[in-house]
Amino acid sequence: QAPQVAQKNINLKILNDLKVILPPKSKQKEFSRFVEQTDKSKVLIERSNFLINMFRRVEITRKICYNK
């Protein structure tokens, strides 16, 4: 009898024998908080870049329209 497979060419015995190392919950939570802060920082940077570009466009428009 052929071994059972979870997905073509992946033997269930191999999956069952697979060792997965997980860090302690405290480290997982610490990493989660880090990722959350990184995401917040990314959003702030994107918003800041948007505002900077908007002000640049306003300045260019002002110079073109008012020669100032």
# chains A, B, ... in the order shown; residues from 1 in each chain; ligands from 1

$ select_by_dssp --residues "chain A" --states "strand (DSSP E or B)" --output "VMD selection string"
chain A and resid 5 to 7 10 to 11

$ select_by_dssp --residues "chain A" --states "helix (DSSP H, G or I)" --output "PyMOL selection string"
chain A and resi 12-17+25-66

$ atom_distance --atom1 "CA of Val35 (chain A)" --atom2 "CA of Leu51 (chain A)"
24.4 Å

$ decode --residues "region 11-25 of chain A" --atoms "all heavy atoms" --output "PDB file, in the first residue's frame"
ATOM      1  N   ASN A  11       4.831  13.115   1.815  1.00  0.00           N
ATOM      2  CA  ASN A  11       4.437  11.958   2.613  1.00  0.00           C
ATOM      3  C   ASN A  11       4.009  12.411   4.007  1.00  0.00           C
ATOM      4  O   ASN A  11       4.688  13.198   4.663  1.00  0.00           O
ATOM      5  CB  ASN A  11       5.647  11.012   2.680  1.00  0.00           C
ATOM      6  CG  ASN A  11       5.343   9.716   3.373  1.00  0.00           C
ATOM      7  OD1 ASN A  11       4.912   9.718   4.513  1.00  0.00           O
ATOM      8  ND2 ASN A  11       5.567   8.617   2.680  1.00  0.00           N
ATOM      9  N   LEU A  12       2.855  11.893   4.505  1.00  0.00           N
ATOM     10  CA  LEU A  12       2.362  12.284   5.828  1.00  0.00           C
ATOM     11  C   LEU A  12       3.313  11.873   6.943  1.00  0.00           C
ATOM     12  O   LEU A  12       3.439  12.576   7.943  1.00  0.00           O
ATOM     13  CB  LEU A  12       0.978  11.680   6.075  1.00  0.00           C
ATOM     14  CG  LEU A  12      -0.166  12.337   5.302  1.00  0.00           C
ATOM     15  CD1 LEU A  12      -1.477  11.626   5.575  1.00  0.00           C
ATOM     16  CD2 LEU A  12      -0.297  13.797   5.662  1.00  0.00           C
ATOM     17  N   LYS A  13       3.999  10.761   6.784  1.00  0.00           N
ATOM     18  CA  LYS A  13       4.948  10.326   7.811  1.00  0.00           C
ATOM     19  C   LYS A  13       6.067  11.351   7.945  1.00  0.00           C
ATOM     20  O   LYS A  13       6.469  11.694   9.057  1.00  0.00           O
ATOM     21  CB  LYS A  13       5.524   8.946   7.477  1.00  0.00           C
ATOM     22  CG  LYS A  13       6.664   8.536   8.408  1.00  0.00           C
ATOM     23  CD  LYS A  13       6.620   7.092   8.757  1.00  0.00           C
ATOM     24  CE  LYS A  13       7.775   6.635   9.619  1.00  0.00           C
ATOM     25  NZ  LYS A  13       8.163   7.496  10.716  1.00  0.00           N
ATOM     26  N   ILE A  14       6.538  11.838   6.821  1.00  0.00           N
ATOM     27  CA  ILE A  14       7.591  12.856   6.847  1.00  0.00           C
ATOM     28  C   ILE A  14       7.079  14.104   7.569  1.00  0.00           C
ATOM     29  O   ILE A  14       7.778  14.690   8.403  1.00  0.00           O
ATOM     30  CB  ILE A  14       8.060  13.203   5.418  1.00  0.00           C
ATOM     31  CG1 ILE A  14       8.766  12.002   4.794  1.00  0.00           C
ATOM     32  CG2 ILE A  14       8.972  14.428   5.418  1.00  0.00           C
ATOM     33  CD1 ILE A  14       9.081  12.156   3.328  1.00  0.00           C
ATOM     34  N   LEU A  15       5.833  14.501   7.278  1.00  0.00           N
ATOM     35  CA  LEU A  15       5.264  15.674   7.955  1.00  0.00           C
ATOM     36  C   LEU A  15       5.117  15.436   9.448  1.00  0.00           C
ATOM     37  O   LEU A  15       5.408  16.317  10.262  1.00  0.00           O
ATOM     38  CB  LEU A  15       3.899  16.030   7.351  1.00  0.00           C
ATOM     39  CG  LEU A  15       3.917  16.655   5.961  1.00  0.00           C
ATOM     40  CD1 LEU A  15       2.490  16.900   5.477  1.00  0.00           C
ATOM     41  CD2 LEU A  15       4.699  17.947   5.950  1.00  0.00           C
ATOM     42  N   ASN A  16       4.661  14.236   9.832  1.00  0.00           N
ATOM     43  CA  ASN A  16       4.492  13.923  11.253  1.00  0.00           C
ATOM     44  C   ASN A  16       5.819  13.892  11.991  1.00  0.00           C
ATOM     45  O   ASN A  16       5.882  14.226  13.176  1.00  0.00           O
ATOM     46  CB  ASN A  16       3.776  12.583  11.425  1.00  0.00           C
ATOM     47  CG  ASN A  16       2.302  12.683  11.110  1.00  0.00           C
ATOM     48  OD1 ASN A  16       1.700  13.739  11.249  1.00  0.00           O
ATOM     49  ND2 ASN A  16       1.709  11.590  10.666  1.00  0.00           N
ATOM     50  N   ASP A  17       6.870  13.496  11.313  1.00  0.00           N
ATOM     51  CA  ASP A  17       8.190  13.422  11.939  1.00  0.00           C
ATOM     52  C   ASP A  17       8.916  14.770  11.951  1.00  0.00           C
ATOM     53  O   ASP A  17       9.944  14.912  12.600  1.00  0.00           O
ATOM     54  CB  ASP A  17       9.063  12.385  11.220  1.00  0.00           C
ATOM     55  CG  ASP A  17       8.561  10.960  11.421  1.00  0.00           C
ATOM     56  OD1 ASP A  17       7.747  10.753  12.349  1.00  0.00           O
ATOM     57  OD2 ASP A  17       8.972  10.074  10.655  1.00  0.00           O
ATOM     58  N   LEU A  18       8.357  15.730  11.251  1.00  0.00           N
ATOM     59  CA  LEU A  18       8.986  17.040  11.138  1.00  0.00           C
ATOM     60  C   LEU A  18       8.992  17.751  12.492  1.00  0.00           C
ATOM     61  O   LEU A  18       7.989  17.824  13.186  1.00  0.00           O
ATOM     62  CB  LEU A  18       8.219  17.897  10.122  1.00  0.00           C
ATOM     63  CG  LEU A  18       8.818  19.215   9.713  1.00  0.00           C
ATOM     64  CD1 LEU A  18      10.148  19.024   8.997  1.00  0.00           C
ATOM     65  CD2 LEU A  18       7.849  19.946   8.810  1.00  0.00           C
ATOM     66  N   LYS A  19      10.137  18.256  12.887  1.00  0.00           N
ATOM     67  CA  LYS A  19      10.287  18.988  14.143  1.00  0.00           C
ATOM     68  C   LYS A  19      10.199  20.490  13.851  1.00  0.00           C
ATOM     69  O   LYS A  19      10.926  21.009  13.021  1.00  0.00           O
ATOM     70  CB  LYS A  19      11.639  18.686  14.795  1.00  0.00           C
ATOM     71  CG  LYS A  19      11.883  17.212  15.052  1.00  0.00           C
ATOM     72  CD  LYS A  19      11.052  16.728  16.216  1.00  0.00           C
ATOM     73  CE  LYS A  19      11.429  15.307  16.574  1.00  0.00           C
ATOM     74  NZ  LYS A  19      10.378  14.347  16.437  1.00  0.00           N
ATOM     75  N   VAL A  20       9.291  21.141  14.527  1.00  0.00           N
ATOM     76  CA  VAL A  20       9.124  22.585  14.373  1.00  0.00           C
ATOM     77  C   VAL A  20       9.504  23.230  15.704  1.00  0.00           C
ATOM     78  O   VAL A  20       8.952  22.903  16.743  1.00  0.00           O
ATOM     79  CB  VAL A  20       7.665  22.940  14.010  1.00  0.00           C
ATOM     80  CG1 VAL A  20       7.489  24.444  13.909  1.00  0.00           C
ATOM     81  CG2 VAL A  20       7.261  22.260  12.706  1.00  0.00           C
ATOM     82  N   ILE A  21      10.452  24.122  15.644  1.00  0.00           N
ATOM     83  CA  ILE A  21      10.921  24.802  16.850  1.00  0.00           C
ATOM     84  C   ILE A  21      10.188  26.134  16.969  1.00  0.00           C
ATOM     85  O   ILE A  21      10.252  26.972  16.071  1.00  0.00           O
ATOM     86  CB  ILE A  21      12.447  25.024  16.793  1.00  0.00           C
ATOM     87  CG1 ILE A  21      13.146  23.682  16.678  1.00  0.00           C
ATOM     88  CG2 ILE A  21      12.919  25.801  18.006  1.00  0.00           C
ATOM     89  CD1 ILE A  21      14.627  23.785  16.373  1.00  0.00           C
ATOM     90  N   LEU A  22       9.475  26.284  18.072  1.00  0.00           N
ATOM     91  CA  LEU A  22       8.762  27.532  18.323  1.00  0.00           C
ATOM     92  C   LEU A  22       9.401  28.250  19.507  1.00  0.00           C
ATOM     93  O   LEU A  22       9.689  27.632  20.521  1.00  0.00           O
ATOM     94  CB  LEU A  22       7.291  27.259  18.656  1.00  0.00           C
ATOM     95  CG  LEU A  22       6.428  26.724  17.524  1.00  0.00           C
ATOM     96  CD1 LEU A  22       5.044  26.374  18.036  1.00  0.00           C
ATOM     97  CD2 LEU A  22       6.322  27.747  16.417  1.00  0.00           C
ATOM     98  N   PRO A  23       9.598  29.559  19.367  1.00  0.00           N
ATOM     99  CA  PRO A  23      10.126  30.308  20.507  1.00  0.00           C
ATOM    100  C   PRO A  23       9.060  30.400  21.606  1.00  0.00           C
ATOM    101  O   PRO A  23       7.873  30.194  21.344  1.00  0.00           O
ATOM    102  CB  PRO A  23      10.439  31.684  19.927  1.00  0.00           C
ATOM    103  CG  PRO A  23       9.675  31.777  18.667  1.00  0.00           C
ATOM    104  CD  PRO A  23       9.410  30.388  18.199  1.00  0.00           C
ATOM    105  N   PRO A  24       9.456  30.729  22.816  1.00  0.00           N
ATOM    106  CA  PRO A  24       8.483  30.881  23.897  1.00  0.00           C
ATOM    107  C   PRO A  24       7.441  31.946  23.547  1.00  0.00           C
ATOM    108  O   PRO A  24       7.703  32.864  22.768  1.00  0.00           O
ATOM    109  CB  PRO A  24       9.313  31.331  25.091  1.00  0.00           C
ATOM    110  CG  PRO A  24      10.731  31.168  24.711  1.00  0.00           C
ATOM    111  CD  PRO A  24      10.815  31.016  23.233  1.00  0.00           C
ATOM    112  N   LYS A  25       6.266  31.836  24.155  1.00  0.00           N
ATOM    113  CA  LYS A  25       5.169  32.783  23.887  1.00  0.00           C
ATOM    114  C   LYS A  25       5.616  34.224  24.099  1.00  0.00           C
ATOM    115  O   LYS A  25       5.232  35.114  23.345  1.00  0.00           O
ATOM    116  CB  LYS A  25       3.974  32.489  24.803  1.00  0.00           C
ATOM    117  CG  LYS A  25       3.131  31.343  24.345  1.00  0.00           C
ATOM    118  CD  LYS A  25       2.210  31.798  23.256  1.00  0.00           C
ATOM    119  CE  LYS A  25       1.195  30.699  22.994  1.00  0.00           C
ATOM    120  NZ  LYS A  25       0.450  30.946  21.793  1.00  0.00           N
TER     121      LYS A  25
END
